[in-house]
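Colleague: First, the structure itself, so that you have it in front of you.
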Amino acid sequence: MPSKRPQWRSLLLGCFTAKNQSLETPKLISNKRSSSRIFLSDLSDYSSLSIMSDLSNSLVGSNLHIFTHQELKEITHNFSKSNFLGEGGFGKVYKGFIDDNLRPKLKPRIVAVKALNLDGKQGHREWLAEVIFLGQLKHKHLVNLIGYCCEDENRLLVYEYMERGNLEEKLFKGYLATLPWLTRIKIAIGAAKGLAFLHEEEIPVIYRDVKASNILLDADYNAKLSDFGLAIDGPEKNQTHVTTRVMGTHGYAAPEYIMSGHLTTMSDVYSFGVVLLELLTGKKSVDKKRPSREQDLVEWARPLLKDYHKLERIMDPRLEDQYSTEGARKFAALTYQCLSHNAKSRPTMRTVVKTLEHLKEFKDIPIGHFVYVVPNDDVVVPNEDSLKVNREKGAENDHGENNNKDGVIVKTKAAEKGEKQEKGYQRLRKRRGNRRRVKPLRSRAVYSDTALYKTLGTSLYSPKQAPILA
Ligand SMILES: Nc1ncnc2c1ncn2[C@@H]1O[C@H](COP(=O)(O)OP(=O)(O)O)[C@@H](O)[C@H]1O
Ligand SMILES: [Mg+2]
C-alpha cells in the first residue's frame, strides 16, 4: 500500500459539485471500512452523473494532475492519427508530448492520453473507476496514472507511456520477431505481480478484465496492468463473493462468473490462466479463423496441458523449440491449475508469482544458429565495430535473451563462446528427437518495432474482442 494518499474525499466531493446538486450529487455511503482507501462502491449513484464542474480545489495533496481538454489536444497534436496508439472499449489512446512549458511541476515526458468515445458503451463509471483505482494504487506493475481531464462530457486519462504497447500485439502480430521464451516468462511474472498486489489489498481489488491487450510493456518488457475501467472492490471479510452484472471479455471470463455473476479474485486467476495459455501457444483465446474445434483456445488446449507428449503439439511454433522442456511443462501445469473449473482449486496470484519466478531458473534452452538482437529503434545496418561490441556483450541480456537497447540488428553466427554450449544443446535436441519439427518461419530477419509499425501502419491494431454485455 502506498504511504502517501491523496485527499480522496475532498477530490470526490469537489468532483461531484455538479450543476444540479439535487439531481447530480452522489452520496458518500458511510465508510464502514477501516481502510483509508476510497472505494468506488462508497459512491452511490455514480452512474447517473453526467455533469461535473471544476475539480481544481479538490486535488490538494494529490499527485494527479488535472488537464484541460485544450492542453490534451495540444500535446497530442489534436489527437492526430499519427499519434494513435490503440483502442479498446473506452476509446482511442494517443501519444502525447509534455514539454517544459505545459506545467511548472510536470517534467517533460511522453504520455499516453485515453479519450472516452462519446458514442461508445463505456462512460463516466469506467473513467471514475480508473481515476479512483489507479489514482490510489501505485505499484511497479500497474501503469502509472499521471492525471485526467473532466470537462463537460469529455473524460480523458493521462498515463505514463509504455514503449512496447500491449502484449496482444507483441504476441500475435509480431510475426517477424517473436517474443523469446524467457521474455514471455518475464511478462507473465510482471502481470502476475500486479494482480497479486491488487488481490492483497485490505479489501481486494478484482481487476475483472485480465487479457493480453490490457497488459502493457515498457522498453525492457516490464509488464504493467492498464485499463481499470471494469475493476471492482472485492468481497469484504465476511463475504465470499461479489455478485455483479457479467462484464469482461469473451474467451477470458471465468465459467462460474459467466454462469452466475459470482465474482472473486479467483475469476482473475482464471483469466490470467488464459493469458498464460496464450503465451504458451502463441494463439488468441478466441479465433474464428481456426478450425471449429480449435476456435476456443481453452476448450481445445486445456486437456493437452496435462500430457507432456501432447504439450509439444500446442507449443507456439514460433518459439522454434527454443524453450526449456522442464520449464514449459511446469508452465503448462500452472496454466492448467489456473484454468480449473473449480475456482477454489485455482492457485492464488501469490503462488502463481512464486511458481513463475522459479521457471526463470530452467536454462536448458537450445539456442538457434543466429544471434538475434531486437533493436529498439530504426533498423540500422551494423558496422564491424558494433558487431564486435555486441558479440562481446554476449548473446544474453539480463533476462537471457538476445535483445539489446542499442538499436542495432546483429545477424551473425553464434558467438564463439556459445559454440561449445551449442554442441551441448545439439545433444539435448537429439534427445528431444520426437519433438515435432517446425519449419522455420521467415523470422531470421529481425525488425524493430518502429520498422514494423512503419511497414504495417496502423493495421497492427485490430478491434479488441467484444466485451461481454449483461
Ligand atoms: N500507457 C500506454 N502506453 C502505450 N499504449 C497504451 C497505453 N495505454 C493504452 N495503450 C494502448 O491503447 C490500447 C487500449 O488501452 P486500454 O487502456 O486497454 O483502453 P480501453 O479501456 O478502451 O480498453 C492498449 O491495448 C494499448 O495498445
Ligand atoms: Mg482495454
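Residue numbering restarts at 1 in every chain; chains get A, B, ... in the order shown in the C-alpha cells, and ligands count up from 1 in that same order.
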Counting only C-alpha atoms and all ligand atoms, what are the residues of chain A within 12 Å of ligand 2, and for each of them which pair of atoms is the nearest and at what distance in Å, to one decimal? Sort the table by chain and rising number, as a tab-separated table.

Modeller:
residue	atom	partner	partner_atom_place_in_ligand_line	distance
A:Gly86	CA	ligand 2	1 (Mg)	9.1
A:Glu87	CA	ligand 2	1 (Mg)	7.3
A:Gly88	CA	ligand 2	1 (Mg)	4.7
A:Gly89	CA	ligand 2	1 (Mg)	6.4
A:Phe90	CA	ligand 2	1 (Mg)	7.4
A:Gly91	CA	ligand 2	1 (Mg)	9.0
A:Lys92	CA	ligand 2	1 (Mg)	10.1
A:Val93	CA	ligand 2	1 (Mg)	10.2
A:Lys114	CA	ligand 2	1 (Mg)	10.5
A:Gln122	CA	ligand 2	1 (Mg)	11.3
A:Glu126	CA	ligand 2	1 (Mg)	11.0
A:Glu130	CA	ligand 2	1 (Mg)	11.5
A:Gly165	CA	ligand 2	1 (Mg)	11.7
A:Asn166	CA	ligand 2	1 (Mg)	9.4
A:Leu167	CA	ligand 2	1 (Mg)	11.3
A:Glu168	CA	ligand 2	1 (Mg)	10.7
A:Tyr207	CA	ligand 2	1 (Mg)	11.5
A:Arg208	CA	ligand 2	1 (Mg)	11.0
A:Asp209	CA	ligand 2	1 (Mg)	7.7
A:Val210	CA	ligand 2	1 (Mg)	9.0
A:Lys211	CA	ligand 2	1 (Mg)	8.1
A:Ala212	CA	ligand 2	1 (Mg)	8.9
A:Ser213	CA	ligand 2	1 (Mg)	5.9
A:Asn214	CA	ligand 2	1 (Mg)	4.8
A:Ile215	CA	ligand 2	1 (Mg)	8.5
A:Leu216	CA	ligand 2	1 (Mg)	9.9
A:Leu225	CA	ligand 2	1 (Mg)	9.7
A:Ser226	CA	ligand 2	1 (Mg)	7.3
A:Asp227	CA	ligand 2	1 (Mg)	5.2
A:Phe228	CA	ligand 2	1 (Mg)	8.3
A:Gly229	CA	ligand 2	1 (Mg)	8.1
A:Leu230	CA	ligand 2	1 (Mg)	9.4
A:Ala231	CA	ligand 2	1 (Mg)	11.5
A:Gly248	CA	ligand 2	1 (Mg)	10.0
A:Thr249	CA	ligand 2	1 (Mg)	9.7
A:Pro463	CA	ligand 2	1 (Mg)	10.4
A:Lys464	CA	ligand 2	1 (Mg)	7.8
A:Gln465	CA	ligand 2	1 (Mg)	9.8
A:Ala466	CA	ligand 2	1 (Mg)	10.8
A:Pro467	CA	ligand 2	1 (Mg)	9.8

Colleague: Any chance you can output those residues with C-alpha atoms as a CSV table (one decimal), in the first residue's frame?

Modeller:
chain,number,residue,atom,x,y,z
A,86,GLY,CA,-4.5,1.8,-29.7
A,87,GLU,CA,-8.2,1.5,-28.9
A,88,GLY,CA,-10.4,-0.5,-26.6
A,89,GLY,CA,-14.0,-0.2,-25.3
A,90,PHE,CA,-13.4,3.1,-23.6
A,91,GLY,CA,-12.0,4.9,-26.6
A,92,LYS,CA,-8.9,5.8,-28.5
A,93,VAL,CA,-5.4,6.2,-27.0
A,114,LYS,CA,-7.0,7.9,-23.5
A,122,GLN,CA,-18.5,2.9,-21.7
A,126,GLU,CA,-15.3,3.4,-16.2
A,130,GLU,CA,-9.7,4.3,-13.4
A,165,GLY,CA,2.5,-1.3,-26.4
A,166,ASN,CA,0.3,-4.2,-25.4
A,167,LEU,CA,1.0,-7.9,-25.1
A,168,GLU,CA,-1.6,-8.9,-27.7
A,207,TYR,CA,-9.5,-6.4,-11.9
A,208,ARG,CA,-12.1,-8.2,-14.0
A,209,ASP,CA,-10.6,-7.7,-17.4
A,210,VAL,CA,-7.3,-9.6,-17.5
A,211,LYS,CA,-6.4,-10.1,-21.1
A,212,ALA,CA,-3.4,-9.6,-23.4
A,213,SER,CA,-4.5,-6.2,-24.7
A,214,ASN,CA,-4.7,-4.8,-21.1
A,215,ILE,CA,-1.1,-5.9,-20.3
A,216,LEU,CA,1.3,-3.1,-21.4
A,225,LEU,CA,-1.7,-3.7,-16.0
A,226,SER,CA,-3.6,-0.9,-17.5
A,227,ASP,CA,-7.3,-0.3,-18.0
A,228,PHE,CA,-9.1,-0.3,-14.7
A,229,GLY,CA,-12.4,0.6,-16.2
A,230,LEU,CA,-14.0,-2.7,-15.0
A,231,ALA,CA,-12.2,-3.1,-11.7
A,248,GLY,CA,-15.4,-8.8,-19.2
A,249,THR,CA,-14.2,-10.3,-22.5
A,463,PRO,CA,-10.6,-4.1,-32.7
A,464,LYS,CA,-10.5,-5.9,-29.4
A,465,GLN,CA,-12.6,-8.9,-28.7
A,466,ALA,CA,-16.1,-7.9,-28.0
A,467,PRO,CA,-16.9,-7.2,-24.4

Colleague: Give me, please, the distance in Å between atom 17 (O, counted along the ligand's line) of ligand 1 and atom CA of A:Phe97, quoted to one decimal.

Modeller: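 Calculated distance between atom 17 (O, counted along the ligand's line) of ligand 1 and atom CA of A:Phe97 is 18.1 Å.
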
Colleague: What's around stretch 200-206 of chain A at 8 Å? Count only C-alpha atoms, leave out sequence neighbours fewer than 5 positions away in its own chain, and write the answer as a list in words.

Modeller: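 My reading of the contact set: Met1, Ser35, Ala231, Ile232, Asp233, Gly234, Pro235, Glu236, Lys237, Thr264, Thr265 and Asp268 of chain A.
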
Colleague: What's the 10 Å shell around A:Leu311, counting only C-alpha atoms, without same-chain residues fewer than 3 positions away, as an MDAnalysis selection string?

Modeller: chainID A and resid 280:281 301:308 314:315 325 328:329 332 435

Colleague: Hey, can you spit out that residue selection with C-alpha atoms as an mmCIF file, in the first residue's frame?

Modeller:
data_model
loop_
_atom_site.group_PDB
_atom_site.id
_atom_site.type_symbol
_atom_site.label_atom_id
_atom_site.label_comp_id
_atom_site.auth_asym_id
_atom_site.auth_seq_id
_atom_site.Cartn_x
_atom_site.Cartn_y
_atom_site.Cartn_z
ATOM 1 C CA LEU A 280 2.489 -20.829 -24.298
ATOM 2 C CA THR A 281 0.696 -21.416 -27.585
ATOM 3 C CA ALA A 301 -5.755 -26.813 -25.405
ATOM 4 C CA ARG A 302 -6.537 -27.288 -21.719
ATOM 5 C CA PRO A 303 -6.791 -31.120 -21.879
ATOM 6 C CA LEU A 304 -3.435 -31.241 -23.674
ATOM 7 C CA LEU A 305 -1.637 -29.330 -20.929
ATOM 8 C CA LYS A 306 -1.550 -32.366 -18.645
ATOM 9 C CA ASP A 307 0.103 -34.686 -21.108
ATOM 10 C CA TYR A 308 3.792 -33.951 -21.637
ATOM 11 C CA ILE A 314 0.310 -26.869 -28.682
ATOM 12 C CA MET A 315 3.587 -25.027 -28.031
ATOM 13 C CA THR A 325 11.360 -28.522 -21.759
ATOM 14 C CA ALA A 328 7.425 -25.457 -20.363
ATOM 15 C CA ARG A 329 5.993 -28.456 -18.501
ATOM 16 C CA ALA A 332 1.719 -25.801 -18.578
ATOM 17 C CA ARG A 435 9.638 -33.178 -30.985
#

Colleague: Pick the closest to ligand 1 from A:Ile75, A:Ala188, A:Leu116, A:Ile132: which is it, counting only C-alpha atoms and all ligand atoms?

Modeller: A:Leu116

Colleague: Any chance you could list, as a PyMOL selection string, the residues in stretch 56-209 of chain A that come up strand (DSSP E) when DSSP is run on the backbone?

Modeller: chain A and resi 65-66+84-87+91-98+109-116+145-151+154-160+205-206

Colleague: Produce a file of the selected residues containing C-alpha atoms, as a PDB file, in the first residue's frame.

Modeller:
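After the write, part-v3.pdb holds the following:
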ATOM      1  CA  HIS A  65      -2.701  16.466 -12.470  1.00  0.00           C
ATOM      2  CA  ILE A  66      -5.893  17.895 -13.863  1.00  0.00           C
ATOM      3  CA  PHE A  84      -2.696   6.912 -32.388  1.00  0.00           C
ATOM      4  CA  LEU A  85      -1.549   4.094 -30.070  1.00  0.00           C
ATOM      5  CA  GLY A  86      -4.514   1.803 -29.660  1.00  0.00           C
ATOM      6  CA  GLU A  87      -8.179   1.479 -28.875  1.00  0.00           C
ATOM      7  CA  GLY A  91     -11.995   4.937 -26.609  1.00  0.00           C
ATOM      8  CA  LYS A  92      -8.853   5.815 -28.521  1.00  0.00           C
ATOM      9  CA  VAL A  93      -5.418   6.247 -26.987  1.00  0.00           C
ATOM     10  CA  TYR A  94      -2.912   8.766 -28.346  1.00  0.00           C
ATOM     11  CA  LYS A  95       0.718   9.524 -27.715  1.00  0.00           C
ATOM     12  CA  GLY A  96       1.311  12.975 -26.249  1.00  0.00           C
ATOM     13  CA  PHE A  97       4.419  15.061 -25.605  1.00  0.00           C
ATOM     14  CA  ILE A  98       4.535  17.173 -22.475  1.00  0.00           C
ATOM     15  CA  ARG A 109       7.841  13.388 -20.895  1.00  0.00           C
ATOM     16  CA  ILE A 110       5.918  11.265 -23.315  1.00  0.00           C
ATOM     17  CA  VAL A 111       2.464  10.238 -22.151  1.00  0.00           C
ATOM     18  CA  ALA A 112      -0.491   8.231 -23.393  1.00  0.00           C
ATOM     19  CA  VAL A 113      -3.849  10.015 -23.470  1.00  0.00           C
ATOM     20  CA  LYS A 114      -7.027   7.927 -23.473  1.00  0.00           C
ATOM     21  CA  ALA A 115     -10.176   9.728 -24.558  1.00  0.00           C
ATOM     22  CA  LEU A 116     -13.704   8.475 -23.924  1.00  0.00           C
ATOM     23  CA  LEU A 145      -1.862   7.409 -13.964  1.00  0.00           C
ATOM     24  CA  ILE A 146      -0.468  10.936 -14.247  1.00  0.00           C
ATOM     25  CA  GLY A 147      -3.702  12.844 -14.452  1.00  0.00           C
ATOM     26  CA  TYR A 148      -7.074  13.269 -16.039  1.00  0.00           C
ATOM     27  CA  CYS A 149      -9.443  15.677 -17.688  1.00  0.00           C
ATOM     28  CA  CYS A 150     -13.113  16.099 -16.925  1.00  0.00           C
ATOM     29  CA  GLU A 151     -14.666  18.894 -18.909  1.00  0.00           C
ATOM     30  CA  ASN A 154     -15.258  14.852 -22.087  1.00  0.00           C
ATOM     31  CA  ARG A 155     -13.481  12.251 -19.983  1.00  0.00           C
ATOM     32  CA  LEU A 156      -9.780  11.637 -20.540  1.00  0.00           C
ATOM     33  CA  LEU A 157      -6.964   9.887 -18.720  1.00  0.00           C
ATOM     34  CA  VAL A 158      -3.240  10.581 -18.941  1.00  0.00           C
ATOM     35  CA  TYR A 159      -0.809   7.723 -18.278  1.00  0.00           C
ATOM     36  CA  GLU A 160       2.883   7.056 -18.429  1.00  0.00           C
ATOM     37  CA  VAL A 205      -9.465  -5.310  -5.883  1.00  0.00           C
ATOM     38  CA  ILE A 206     -10.857  -7.593  -8.590  1.00  0.00           C
TER      39      ILE A 206
END

Colleague: Using only C-alpha atoms and all ligand atoms, which of A:Glu278, A:Glu71, A:Glu153, A:Asp218 sits nearest ligand 1?

Modeller: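 Nearest to ligand 1: A:Asp218.
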
Colleague: Take atom CA of A:His199 and atom CA of A:Ala343 and report the distance between them in Å, one decimal.

Modeller: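 Here the two named atoms are 14.9 Å from each other.
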
Colleague: Of the candidates A:Ala219, A:Ile189, A:Leu106, A:Ala196, which one gets nearest to ligand 1 if we count only C-alpha atoms and all ligand atoms?

Modeller: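 Of all the options, A:Ala219 lies closest to ligand 1.
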
Colleague: Atom CA of A:Glu361 and atom CA of A:Ser345, how far apart in Å?

Modeller: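 Separation of atom CA of A:Ser345 and atom CA of A:Glu361: 25.9 Å.
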
Colleague: Neighbours of A:Leu171 within 12 Å (only C-alpha atoms; same-chain residues fewer than 2 positions away dropped), as a ChimeraX atom specification?

Modeller: /A:164-169,173-181,183-184,187,212-213,215-217,275-285,316,318-319,460

Colleague: Report the residues of stretch 19-267 of chain A whose backbone DSSP state falls under alpha helix (DSSP H), written as a PyMOL selection string.

Modeller: chain A and resi 21-24+69-75+124-136+167-168+181-199+255-260+265-267

Colleague: Deliver the residues from the most recent selection as a file, using N, CA and C atoms, as a short mmCIF file (atom, residue, chain, number, x, y, z; two decimals), in the first residue's frame.

Modeller:
data_model
loop_
_atom_site.label_atom_id
_atom_site.label_comp_id
_atom_site.auth_asym_id
_atom_site.auth_seq_id
_atom_site.Cartn_x
_atom_site.Cartn_y
_atom_site.Cartn_z
N GLN A 21 -27.27 20.18 -8.05
CA GLN A 21 -26.87 19.41 -6.87
C GLN A 21 -27.90 18.35 -6.50
N SER A 22 -29.17 18.71 -6.51
CA SER A 22 -30.16 17.77 -6.02
C SER A 22 -30.24 16.52 -6.88
N LEU A 23 -29.99 16.68 -8.18
CA LEU A 23 -30.08 15.52 -9.06
C LEU A 23 -28.76 14.81 -9.22
N GLU A 24 -27.69 15.58 -9.22
CA GLU A 24 -26.43 15.02 -9.68
C GLU A 24 -25.45 14.61 -8.60
N HIS A 69 -9.00 20.14 -21.58
CA HIS A 69 -9.15 19.44 -22.86
C HIS A 69 -8.23 20.08 -23.89
N GLN A 70 -8.13 21.39 -23.83
CA GLN A 70 -7.28 22.12 -24.77
C GLN A 70 -5.82 21.67 -24.64
N GLU A 71 -5.35 21.51 -23.41
CA GLU A 71 -3.96 21.08 -23.20
C GLU A 71 -3.73 19.70 -23.83
N LEU A 72 -4.68 18.82 -23.63
CA LEU A 72 -4.50 17.45 -24.14
C LEU A 72 -4.60 17.43 -25.67
N LYS A 73 -5.38 18.33 -26.19
CA LYS A 73 -5.44 18.48 -27.65
C LYS A 73 -4.07 18.90 -28.18
N GLU A 74 -3.47 19.86 -27.47
CA GLU A 74 -2.17 20.36 -27.93
C GLU A 74 -1.10 19.28 -27.85
N ILE A 75 -1.05 18.57 -26.74
CA ILE A 75 0.06 17.62 -26.59
C ILE A 75 -0.09 16.38 -27.48
N HIS A 124 -18.83 7.42 -17.87
CA HIS A 124 -18.33 8.02 -16.65
C HIS A 124 -17.92 6.98 -15.60
N ARG A 125 -18.65 5.91 -15.48
CA ARG A 125 -18.34 4.90 -14.45
C ARG A 125 -16.95 4.32 -14.67
N GLU A 126 -16.64 4.00 -15.92
CA GLU A 126 -15.34 3.40 -16.22
C GLU A 126 -14.21 4.41 -16.00
N TRP A 127 -14.50 5.65 -16.39
CA TRP A 127 -13.50 6.72 -16.20
C TRP A 127 -13.21 6.91 -14.70
N LEU A 128 -14.29 6.96 -13.94
CA LEU A 128 -14.15 7.18 -12.50
C LEU A 128 -13.41 6.00 -11.84
N ALA A 129 -13.70 4.79 -12.31
CA ALA A 129 -13.01 3.61 -11.75
C ALA A 129 -11.51 3.75 -11.95
N GLU A 130 -11.11 4.19 -13.13
CA GLU A 130 -9.67 4.33 -13.40
C GLU A 130 -9.06 5.40 -12.50
N VAL A 131 -9.77 6.53 -12.34
CA VAL A 131 -9.23 7.61 -11.51
C VAL A 131 -9.11 7.13 -10.06
N ILE A 132 -10.15 6.45 -9.59
CA ILE A 132 -10.15 6.05 -8.18
C ILE A 132 -9.12 4.94 -7.91
N PHE A 133 -9.10 3.92 -8.77
CA PHE A 133 -8.16 2.82 -8.51
C PHE A 133 -6.72 3.24 -8.81
N LEU A 134 -6.48 3.69 -10.04
CA LEU A 134 -5.09 3.98 -10.41
C LEU A 134 -4.55 5.24 -9.73
N GLY A 135 -5.46 6.11 -9.28
CA GLY A 135 -5.01 7.30 -8.54
C GLY A 135 -4.51 6.93 -7.15
N GLN A 136 -5.03 5.84 -6.61
CA GLN A 136 -4.65 5.48 -5.24
C GLN A 136 -3.67 4.32 -5.16
N LEU A 167 0.57 -6.49 -24.93
CA LEU A 167 1.05 -7.87 -25.13
C LEU A 167 0.37 -8.53 -26.33
N GLU A 168 -0.89 -8.22 -26.55
CA GLU A 168 -1.62 -8.85 -27.66
C GLU A 168 -0.89 -8.59 -28.98
N TRP A 181 11.20 -17.16 -25.20
CA TRP A 181 10.60 -17.86 -24.06
C TRP A 181 10.78 -17.10 -22.75
N LEU A 182 12.03 -16.68 -22.47
CA LEU A 182 12.28 -16.03 -21.17
C LEU A 182 11.61 -14.66 -21.09
N THR A 183 11.42 -14.02 -22.22
CA THR A 183 10.68 -12.75 -22.20
C THR A 183 9.23 -13.01 -21.84
N ARG A 184 8.69 -14.12 -22.36
CA ARG A 184 7.30 -14.47 -22.04
C ARG A 184 7.17 -14.71 -20.54
N ILE A 185 8.16 -15.37 -19.98
CA ILE A 185 8.09 -15.62 -18.53
C ILE A 185 8.20 -14.29 -17.78
N LYS A 186 9.09 -13.45 -18.22
CA LYS A 186 9.25 -12.14 -17.56
C LYS A 186 7.93 -11.36 -17.58
N ILE A 187 7.27 -11.38 -18.72
CA ILE A 187 6.00 -10.67 -18.86
C ILE A 187 4.94 -11.28 -17.92
N ALA A 188 4.90 -12.61 -17.92
CA ALA A 188 3.92 -13.29 -17.05
C ALA A 188 4.17 -12.93 -15.59
N ILE A 189 5.43 -12.88 -15.19
CA ILE A 189 5.75 -12.56 -13.79
C ILE A 189 5.29 -11.13 -13.47
N GLY A 190 5.58 -10.21 -14.36
CA GLY A 190 5.21 -8.80 -14.12
C GLY A 190 3.71 -8.65 -13.94
N ALA A 191 2.96 -9.22 -14.88
CA ALA A 191 1.50 -9.10 -14.80
C ALA A 191 0.98 -9.80 -13.55
N ALA A 192 1.57 -10.96 -13.22
CA ALA A 192 1.13 -11.71 -12.03
C ALA A 192 1.38 -10.89 -10.76
N LYS A 193 2.51 -10.19 -10.71
CA LYS A 193 2.81 -9.37 -9.53
C LYS A 193 1.81 -8.23 -9.39
N GLY A 194 1.44 -7.63 -10.52
CA GLY A 194 0.44 -6.56 -10.49
C GLY A 194 -0.88 -7.07 -9.93
N LEU A 195 -1.28 -8.24 -10.40
CA LEU A 195 -2.56 -8.81 -9.93
C LEU A 195 -2.48 -9.23 -8.46
N ALA A 196 -1.35 -9.82 -8.08
CA ALA A 196 -1.19 -10.24 -6.67
C ALA A 196 -1.31 -9.02 -5.76
N PHE A 197 -0.71 -7.92 -6.18
CA PHE A 197 -0.79 -6.68 -5.38
C PHE A 197 -2.26 -6.27 -5.21
N LEU A 198 -3.02 -6.31 -6.27
CA LEU A 198 -4.43 -5.91 -6.19
C LEU A 198 -5.21 -6.84 -5.25
N HIS A 199 -4.94 -8.13 -5.39
CA HIS A 199 -5.68 -9.11 -4.60
C HIS A 199 -5.31 -9.05 -3.11
N PRO A 255 -15.69 -19.43 -15.93
CA PRO A 255 -17.01 -20.05 -16.16
C PRO A 255 -18.04 -19.73 -15.08
N GLU A 256 -17.62 -19.75 -13.80
CA GLU A 256 -18.60 -19.53 -12.72
C GLU A 256 -19.11 -18.08 -12.75
N TYR A 257 -18.28 -17.18 -13.22
CA TYR A 257 -18.70 -15.78 -13.30
C TYR A 257 -19.72 -15.61 -14.42
N ILE A 258 -19.46 -16.27 -15.54
CA ILE A 258 -20.40 -16.19 -16.67
C ILE A 258 -21.74 -16.81 -16.28
N MET A 259 -21.68 -17.93 -15.57
CA MET A 259 -22.91 -18.66 -15.23
C MET A 259 -23.75 -17.93 -14.19
N SER A 260 -23.08 -17.37 -13.17
CA SER A 260 -23.86 -16.89 -12.02
C SER A 260 -23.59 -15.46 -11.63
N THR A 265 -11.61 -13.03 -6.46
CA THR A 265 -10.28 -12.83 -7.05
C THR A 265 -9.91 -14.02 -7.94
N MET A 266 -10.52 -15.19 -7.65
CA MET A 266 -10.21 -16.38 -8.44
C MET A 266 -10.71 -16.25 -9.89
N SER A 267 -11.66 -15.35 -10.11
CA SER A 267 -12.09 -15.12 -11.50
C SER A 267 -10.92 -14.50 -12.28
#

Colleague: With distances taken over only C-alpha atoms and all ligand atoms, which of A:Glu163, A:Asp119, A:Asp100, A:Asp321 is nearest to ligand 1?

Modeller: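 Looking only at the distances to ligand 1, the closest residue turns out to be A:Glu163.
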